[in-house]
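See below for the structure under consideration.
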Amino acid sequence: MSDTERHTISVLVDNEAGVLARVIGLFSGRGYNIESLTVAEVDARNALSRITVVTVGTPMIIEQIKAQLDRLVPVHKVVDLTNEGAHVERELALVKVKATGNRRVESLRIADIFRARAIDSTGESFVFEISGSTEKLDAFIGLMEPLGLVDVSRTGVAAIARGTEGI
Amino acid sequence: MASREMTGSEIVLKALIDQGVDTVFGYPGGAVLPIYDAIFAQNELRHVLVRQEGGAVHMAEGYARSTGKVGVVLVTSGPGATNAVTGLTDALMDSVPVVCLTGQVPTHLIGNDAFQEADTTGITRPCTKHNYLVKEMDDLPRVMHEAFHVARSGRPGPVVVDLPKDILMGKGAYAGPENFPHRSYRPATKADRDRIAEAVELMAGAKRPLFYVGGGVVNSGPEASKRLTRLVRLTGYPATVTLMGLGAFPASDPQCLGMLGMHGLYEANLAMHDCDVMINVGARFDDRVTGRLADFSPGSKKIHIDIDPSSVNKNVPVDVPLIGDAGEVLGQLLRAWKARDPRPDAAALAKWWKQIDAWRARDCLNFADSETAIKPQRAIKRLYEKTLGRDVYITTEVGQHQMWAAQYFRFEEPNRWMTSGGLGTMGYGLPAAIGVQVAHPGSLVIDIAGEASFLMNIQELSTAVQYNLPVKAFIINNQWMGMVRQWQELLHGGRYSESYTAALPDFVKLAEACQWTGLRATRPDELDDVIDAMIATDGPAIADIVVEKEENCFPMIPSGAAHNEMLLGPDEKAEAPVSEEGMVLV
Ligand SMILES: Cc1ncc(C[n+]2csc(CCOP(=O)(O)OP(=O)(O)O)c2C)c(N)n1
Ligand SMILES: [Mg+2]
């Protein structure tokens with residue numbers, strides 16, 4: 001078995017009922033991995049949504065995933081951002097931390113280092129908003145854990161190619 | 001583009017007619033009664049009333065595969081739709097174009113667990129090429145036409161259109177197919193030119209070449225078979241054919257090595273194992289063909305023609321993918337081959353053919369005939385010989401008889417052979433034969449059946465009678481689920497658990513009860529007469545051929561084995577017992 005790779009794939013689809021179920025059903029039915037999946041309409045005039053899926057597999061499986069996605073009827077385009085070269089990936093997380101005293105101060109200090117913003121606070125808690133790469137979010141959440149991590153909500157990865165070209 | 005207001009049901013029928021549909025296989029129920037009203041009011045579309053919705057889909061498959069047209073099914077909501085699921089999966093696996101219209105509860109009741117509500121689009125999403133739920137009247141004409149476009153374009157497949165009753169009863173405007181070019185689904189049909197050149201180079205330099213011909217050639221249409229035949233003859237290379245491709249290349253051609261795969265011919269499998277250049281035309285490296293993947297055709301460069309990019313590099317990495325319609329790409333290859341006018345290595349080819357002839361000399365389909373019992377192989381061989389030269393279509397059920405039919409019945413043309421390959425659906429053959437007969441009323445249509453499979457859609461006997469369809473059922477009756485028994489004998493220590501059908505019906509009496517003609521042969525000397533009588537029967541007939549009960553189907557590549565490890569006959573035992581990895585394979 002060859003080594004597995006992590007790929008970020010953008011899929012442009014018709015924004016119609018069932019399209020997400022088709023994509024997810026494809027992954028579960030054929031035993032592919034989903035590390036993260038995001039979807040939202042990106043072109044209201046043409047009713048197009050963009051799905052960003054992060055997946056892991058051998059090069060042969062990654063090729064399969066793209067070919068299988070591409071043959072779904074409502075799919076317009078499949079782009080493997082990892083293969084295409086330079087692209088940026090961002091994820092956003094809302095992180096709730098319950099802490100008082102020193103730990104409360106420490107959580108604020110770390111948030112500052114990570115450029116996370118406090119968007120809600122009570123006497124004994126914060127909700128931080130942080131965006132960046134998946135690794136950065138993982139690191140931030142890891143540091144919050146011992147300080148009183150209560151809750152995390154993440155968006156999953158949104159990604160786009162660098163440069164002038166559109167999908 | 002808008003015309004006068006019509007009801008949803010009228011729009012559905014008008015769309016069917018504009019799509020060239022002449023026959024619908026269906027079964028009524030509450031949710032589709034409005035369509036049945038519309039059917040009642042017209043004479044253009046023929047409705048064939050089946051006996052169970054599962055039968056309807058197989059009929060549509062038989063109709064589609066013998067004509068190249070889209071087969072159409074109409075069923076009600078809930079149980080009507082769920083009964084269609086097996087047939088839809090079958091059509092998906094074998095790439096058969098089918099449009100299945102399902103009734104649905106009215107839109108305002110969807111999600112309420114209403115009477116006969118089922119989440120039909122949810123249930124059928126993984127077993128269709130695409131499906132639709134029509135929630136707006138305005139979408140109906142577009143969806144109807146798109147469904148046909150999707151079913152027949154690219155790699156064909158089944159499409160479900162779920163039709164809520166309020167849509168069927170509502171009013172709207174109709175528009176014809178020309179108004180709806182598809183937004184996203186337009187599969188490529190021609191292969192890349194550079195790739196064609198690469199393929200021709202590879203073919204020209206081959207020393208041990210082999211064409212590997214699959215059902216994609218049949219799906220592409222008769223012209224693809226003609227081009228394939230021209231290319232194979234032009235090159236002088238041998239060709240082997242898959243179960244789904246039988247007829248795509250004429251069996252009588254000296255360059256035809258016959259079927260390959262688990263029960264394929266010795267010469268075909270060994271040629272596959274030893275070839276140095278493989279030209280796959282519309283086949284998909286199915287596990288029934290490849291055997292143990294690691295040892296599948298280990299020394300060959302592989303060219304793969306397929307219209308479905310997801311079939312390429314799925315199981316077997318290939319060197320030159322040619323993505324496109326088999327017929328188109330074969331045309332490109334033919335032109336490129338002629339233009340380059342290569343001189344393949346004659347000495348190497350002569351050696352290759354000599355090797356192939358040595359394999360052929362093993363005569364792997366030879367079997368020990370018997371004076372006292374009818375051997376199943378012989379029954380099918382005689383059926384073939386006695387129908388030779390006739391306008392004949394063959395369907396099968398699933399099991400040993402299916403494999404014997406594939407081995408001993410020889411096909412010269414595409415669209416003459418209908419079998420459930422990918423899904424292996426017992427009960428396919430009888431309804432499929434009925435569908436074929438509907439499309440070809442004057443032809444001889446025979447379901448080569450096993451007695452166990454035949455019982456799975458036995459209710460359709462009555463459909464054949466209602467429409468005067470003179471289909472023939474040629475039952476290879478061994479009283480066993482023979483293929484299951486064979487696996488139990490060879491792989492499970494002879495533990496014949498639940499593979500014997502006690503209390504089988506008397507098929508002759510059953511035929512008579514259903515207004516069919518019933519015939520039976522139990523001794524070898526009765527076989528020919530019964531075949532003659534069956535062919536001579538004007539109406540539908542069952543020929544119950546009582547055969548040797550415990551015959552096994554050879555050659556056989558045991559599961560998990562490689563092509564050069566095949567068992568040729570009952571006296572051979574596998575060299576090593578089947579591996580653990582082999583045992584878990586189906
Ligand atoms: C619907 C379905 N259920 C079970 C099977 C598994 N199966 C494959 S062949 C077979 C036995 C078929 O028996 P019969 O129709 O008598 O054919 P024979 O092998 O005896 O020729 C069975 C049970 C199947 N293919 N399809
Ligand atoms: Mg049997």
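A note on labels: chains of the structure tokens are A, B, ... as shown, every chain counts residues from 1, and ligands are counted from 1 in their shown order.
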
| message | Applying 12 Å and only C-alpha atoms, which residues near Arg142 in chain B remain after dropping the ones on its own chain fewer than 3 positions away? List them as a ChimeraX atom specification. | response | /B:11-12,15,132,134,136-139,145-150,161,173-183

Against chain B, which residues of chain A fall within 6 Å? For each one I want the closest pair of atoms and the distance in Å (one decimal), counting only C-alpha atoms, rows by chain and increasing residue number, as a Markdown table.
| residue | atom | partner | partner_atom | distance |
| --- | --- | --- | --- | --- |
| A:Gln64 | CA | B:Ser310 | CA | 5.9 |
| A:Ala67 | CA | B:Ser310 | CA | 4.6 |
| A:Gln68 | CA | B:Ser310 | CA | 5.5 |
| A:Val73 | CA | B:Tyr185 | CA | 5.6 |
| A:His76 | CA | B:Ser184 | CA | 5.2 |

Write the selection just made, keeping N, CA and C atoms, as a compact mmCIF listing (two decimals), in the first residue's frame?
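Generated file (out-v1.txt):
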# COMPACT_ATOMS: atom_id res chain seq x y z
N GLN A 64 -9.55 8.47 -7.51
CA GLN A 64 -10.89 7.90 -7.53
C GLN A 64 -11.90 8.90 -6.98
N ALA A 67 -12.62 11.54 -9.48
CA ALA A 67 -13.40 11.04 -10.63
C ALA A 67 -14.83 10.73 -10.22
N GLN A 68 -14.99 10.18 -9.02
CA GLN A 68 -16.35 9.86 -8.56
C GLN A 68 -17.15 11.14 -8.32
N VAL A 73 -24.06 14.09 -11.20
CA VAL A 73 -24.71 14.94 -12.21
C VAL A 73 -24.70 16.42 -11.87
N HIS A 76 -20.31 20.64 -11.25
CA HIS A 76 -19.79 21.37 -12.40
C HIS A 76 -18.28 21.23 -12.52

| said: Taking only range 16-167 of chain A into account, list the residues labelled strand (DSSP E) by DSSP (computed from the backbone), as a ChimeraX atom specification. | reply: /A:36-43,48-57,75-80,87-98,117-122,125-132,149-154,158-161

| message | At a cut-off of 10 Å, using only C-alpha atoms, what residues contact Ile160 in chain A? Leave out same-chain residues fewer than 5 positions from it and give the result as an NGL selection string. | response | :A and (8-10 or 52 or 79 or 81 or 86-90 or 165-167)

Residues from the last selection, all heavy atoms, saved as a tab-separated table (two decimals), in the first residue's frame:
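Okay, this is what ended up in out.tsv:
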chain	number	residue	atom	x	y	z
A	8	THR	N	-6.93	18.75	-0.31
A	8	THR	CA	-8.05	19.68	-0.18
A	8	THR	C	-8.67	19.85	-1.57
A	8	THR	O	-7.98	20.25	-2.51
A	8	THR	CB	-7.57	21.03	0.36
A	8	THR	OG1	-6.90	20.79	1.60
A	8	THR	CG2	-8.72	21.98	0.57
A	9	ILE	N	-9.94	19.51	-1.65
A	9	ILE	CA	-10.60	19.48	-2.96
A	9	ILE	C	-11.78	20.45	-2.95
A	9	ILE	O	-12.59	20.45	-2.02
A	9	ILE	CB	-11.08	18.04	-3.27
A	9	ILE	CG1	-9.87	17.10	-3.34
A	9	ILE	CG2	-11.89	18.00	-4.57
A	9	ILE	CD1	-10.26	15.63	-3.38
A	10	SER	N	-11.85	21.29	-3.97
A	10	SER	CA	-12.99	22.20	-4.12
A	10	SER	C	-13.94	21.65	-5.17
A	10	SER	O	-13.51	21.22	-6.24
A	10	SER	CB	-12.52	23.58	-4.59
A	10	SER	OG	-12.02	24.30	-3.50
A	52	THR	N	-15.95	22.43	0.03
A	52	THR	CA	-14.53	22.19	0.22
A	52	THR	C	-14.40	20.96	1.09
A	52	THR	O	-14.96	20.90	2.18
A	52	THR	CB	-13.86	23.39	0.93
A	52	THR	OG1	-14.18	24.57	0.21
A	52	THR	CG2	-12.35	23.19	1.00
A	79	VAL	N	-11.75	20.59	-8.34
A	79	VAL	CA	-10.36	21.06	-8.40
A	79	VAL	C	-9.61	20.55	-7.17
A	79	VAL	O	-10.05	20.77	-6.04
A	79	VAL	CB	-10.31	22.59	-8.47
A	79	VAL	CG1	-8.85	23.06	-8.41
A	79	VAL	CG2	-10.96	23.09	-9.74
A	81	LEU	N	-6.96	21.30	-4.99
A	81	LEU	CA	-6.11	22.46	-4.67
A	81	LEU	C	-4.71	22.02	-4.26
A	81	LEU	O	-3.73	22.69	-4.55
A	81	LEU	CB	-6.76	23.30	-3.57
A	81	LEU	CG	-8.04	24.03	-3.99
A	81	LEU	CD1	-8.73	24.64	-2.79
A	81	LEU	CD2	-7.75	25.09	-5.03
A	86	ALA	N	-0.15	26.37	-5.21
A	86	ALA	CA	-0.32	27.31	-4.11
A	86	ALA	C	-1.78	27.64	-3.88
A	86	ALA	O	-2.51	28.01	-4.79
A	86	ALA	CB	0.47	28.57	-4.41
A	87	HIS	N	-2.18	27.49	-2.64
A	87	HIS	CA	-3.54	27.89	-2.27
A	87	HIS	C	-3.53	28.24	-0.79
A	87	HIS	O	-2.57	27.94	-0.08
A	87	HIS	CB	-4.53	26.76	-2.56
A	87	HIS	CG	-4.33	25.55	-1.70
A	87	HIS	ND1	-3.36	24.61	-1.98
A	87	HIS	CD2	-4.95	25.15	-0.56
A	87	HIS	CE1	-3.40	23.67	-1.05
A	87	HIS	NE2	-4.36	23.96	-0.18
A	88	VAL	N	-4.58	28.91	-0.36
A	88	VAL	CA	-4.67	29.22	1.06
A	88	VAL	C	-5.87	28.49	1.65
A	88	VAL	O	-6.91	28.33	1.01
A	88	VAL	CB	-4.81	30.75	1.31
A	88	VAL	CG1	-3.45	31.40	1.17
A	88	VAL	CG2	-5.79	31.38	0.37
A	89	GLU	N	-5.68	28.07	2.90
A	89	GLU	CA	-6.75	27.36	3.62
A	89	GLU	C	-6.99	28.09	4.94
A	89	GLU	O	-6.05	28.46	5.62
A	89	GLU	CB	-6.31	25.92	3.94
A	89	GLU	CG	-6.12	25.08	2.71
A	89	GLU	CD	-5.88	23.60	3.06
A	89	GLU	OE1	-6.05	23.22	4.23
A	89	GLU	OE2	-5.54	22.86	2.12
A	90	ARG	N	-8.23	28.30	5.25
A	90	ARG	CA	-8.57	28.94	6.52
A	90	ARG	C	-9.73	28.20	7.16
A	90	ARG	O	-10.63	27.72	6.48
A	90	ARG	CB	-8.99	30.40	6.29
A	90	ARG	CG	-7.86	31.34	5.95
A	90	ARG	CD	-6.95	31.56	7.15
A	90	ARG	NE	-5.85	32.44	6.82
A	90	ARG	CZ	-4.69	32.05	6.28
A	90	ARG	NH1	-4.50	30.78	6.00
A	90	ARG	NH2	-3.75	32.93	6.02
A	165	GLU	N	-6.55	33.36	-11.05
A	165	GLU	CA	-7.56	32.50	-11.68
A	165	GLU	C	-8.67	32.11	-10.72
A	165	GLU	O	-8.41	31.81	-9.55
A	165	GLU	CB	-6.89	31.23	-12.20
A	165	GLU	CG	-5.86	31.46	-13.28
A	165	GLU	CD	-6.47	32.02	-14.55
A	165	GLU	OE1	-7.41	31.38	-15.08
A	165	GLU	OE2	-6.06	33.11	-14.99
A	166	GLY	N	-9.91	32.02	-11.24
A	166	GLY	CA	-11.02	31.49	-10.47
A	166	GLY	C	-11.14	29.99	-10.67
A	166	GLY	O	-10.40	29.42	-11.48
A	167	ILE	N	-12.05	29.35	-9.95
A	167	ILE	CA	-12.21	27.90	-10.04
A	167	ILE	C	-12.76	27.50	-11.41
A	167	ILE	O	-13.58	28.19	-11.98
A	167	ILE	CB	-13.12	27.36	-8.91
A	167	ILE	CG1	-13.16	25.82	-8.92
A	167	ILE	CG2	-14.49	27.94	-8.99
A	167	ILE	CD1	-13.90	25.20	-7.77

| If you count only C-alpha atoms and all ligand atoms, which residues end up within 10 Å of ligand 2, as JSON, numbers by chain? | {"B": [398, 399, 400, 401, 449, 450, 451, 452, 453, 454, 475, 476, 477, 478, 479, 480, 481, 482, 483, 484, 485, 499, 500, 501, 546, 547, 549, 550]}

Just the selected residues (C-alpha atoms), exported as a PDB file, in the first residue's frame, please.
ATOM      1  CA  VAL B 398     -27.922 -16.302 -11.958  1.00  0.00           C
ATOM      2  CA  GLY B 399     -25.917 -19.380 -11.084  1.00  0.00           C
ATOM      3  CA  GLN B 400     -24.189 -22.272 -12.801  1.00  0.00           C
ATOM      4  CA  HIS B 401     -26.643 -22.268 -15.702  1.00  0.00           C
ATOM      5  CA  ALA B 449     -32.876 -20.390 -16.097  1.00  0.00           C
ATOM      6  CA  GLY B 450     -31.999 -22.213 -12.925  1.00  0.00           C
ATOM      7  CA  GLU B 451     -34.978 -23.600 -11.070  1.00  0.00           C
ATOM      8  CA  ALA B 452     -34.208 -21.615  -7.913  1.00  0.00           C
ATOM      9  CA  SER B 453     -33.759 -18.291  -9.687  1.00  0.00           C
ATOM     10  CA  PHE B 454     -36.826 -18.866 -11.814  1.00  0.00           C
ATOM     11  CA  ILE B 475     -34.848 -24.389 -17.015  1.00  0.00           C
ATOM     12  CA  ILE B 476     -31.624 -26.192 -16.179  1.00  0.00           C
ATOM     13  CA  ASN B 477     -33.238 -28.002 -13.281  1.00  0.00           C
ATOM     14  CA  ASN B 478     -30.650 -29.534 -10.965  1.00  0.00           C
ATOM     15  CA  GLN B 479     -32.828 -29.113  -7.858  1.00  0.00           C
ATOM     16  CA  TRP B 480     -29.929 -27.341  -6.190  1.00  0.00           C
ATOM     17  CA  MET B 481     -28.829 -23.804  -5.938  1.00  0.00           C
ATOM     18  CA  GLY B 482     -26.065 -25.244  -7.979  1.00  0.00           C
ATOM     19  CA  MET B 483     -23.573 -22.425  -7.711  1.00  0.00           C
ATOM     20  CA  VAL B 484     -23.994 -22.307  -3.950  1.00  0.00           C
ATOM     21  CA  ARG B 485     -23.619 -26.083  -3.787  1.00  0.00           C
ATOM     22  CA  SER B 499     -28.735 -25.055  -0.795  1.00  0.00           C
ATOM     23  CA  TYR B 500     -31.156 -27.792  -1.722  1.00  0.00           C
ATOM     24  CA  THR B 501     -34.686 -26.795  -2.647  1.00  0.00           C
ATOM     25  CA  VAL B 546     -34.006 -32.208 -15.509  1.00  0.00           C
ATOM     26  CA  VAL B 547     -30.240 -32.407 -15.468  1.00  0.00           C
ATOM     27  CA  LYS B 549     -27.784 -32.761 -10.115  1.00  0.00           C
ATOM     28  CA  GLU B 550     -24.239 -32.371  -8.929  1.00  0.00           C
TER      29      GLU B 550
END

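Counting only C-alpha atoms, Ser107 in chain A has the following residues at most 7 Å away, ignoring those fewer than 3 positions along the same chain: Arg103, Arg104, Ile110, Ala111, Met144 and Leu147 of chain A.
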
Would you export the selected residues with C-alpha atoms as a PDB file, in the first residue's frame, please?
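Ended up saving to again-v8.pdb:
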ATOM      1  CA  ARG A 103      -6.079  30.838  34.307  1.00  0.00           C
ATOM      2  CA  ARG A 104      -8.400  33.531  33.031  1.00  0.00           C
ATOM      3  CA  ILE A 110      -2.537  33.040  24.730  1.00  0.00           C
ATOM      4  CA  ALA A 111      -5.470  34.407  22.744  1.00  0.00           C
ATOM      5  CA  MET A 144      -7.001  26.127  26.114  1.00  0.00           C
ATOM      6  CA  LEU A 147      -7.259  26.267  31.229  1.00  0.00           C
TER       7      LEU A 147
END

Residue contacts of Val13 in chain A (6 Å, only C-alpha atoms) excluding same-chain residues fewer than 6 positions away, as a compact mmCIF listing (two decimals) with C-alpha atoms, in the first residue's frame:
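Writing done, so here's part_21.txt:
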# COMPACT_ATOMS: atom_id res chain seq x y z
CA LEU A 48 -23.97 27.41 -7.35
CA SER A 49 -22.51 26.19 -4.09
CA PRO A 74 -25.00 18.28 -10.34
CA VAL A 75 -21.22 18.71 -10.12
CA HIS A 76 -19.79 21.37 -12.40

| request: Would you please extract all alpha helix (DSSP H) residues from range 238-324 of chain B, as assigned by DSSP on the backbone, and give them as a ChimeraX atom specification? | output: /B:266-274,287-290

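For Glu371 in chain B, the list of residues within 10 Å, based on only C-alpha atoms and with local chain neighbours fewer than 2 positions off taken out, reads Asp369, Ala373, Ile374, Lys375, Arg523, Pro524 and Asp525 of chain B.
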
| Residue contacts of range 93-110 of chain B (7 Å, only C-alpha atoms) excluding same-chain residues fewer than 6 positions away, as number ranges by chain | B: 31-32, 60-61, 64-65, 70-77, 81, 117, 135, 147-148, 151-152, 155-166, 421-423

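Between CA of Ala251 in chain B and atom 7 (N, counted along the ligand's line) of ligand 1 there is a distance of 27.5 Å.
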
| task | Can you work out the spacing between CA of Gly389 in chain B and CA of Pro540 in chain B in Å, to one decimal? | result | 20.7 Å

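For the choices B:Val21, B:Ala368, B:Leu388, B:Asp90, the atom-to-atom distance to ligand 1 is smallest for B:Asp90 when using only C-alpha atoms and all ligand atoms.
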
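Between CA of Ile62 in chain A and CA of Leu202 in chain B there is a distance of 27.3 Å.
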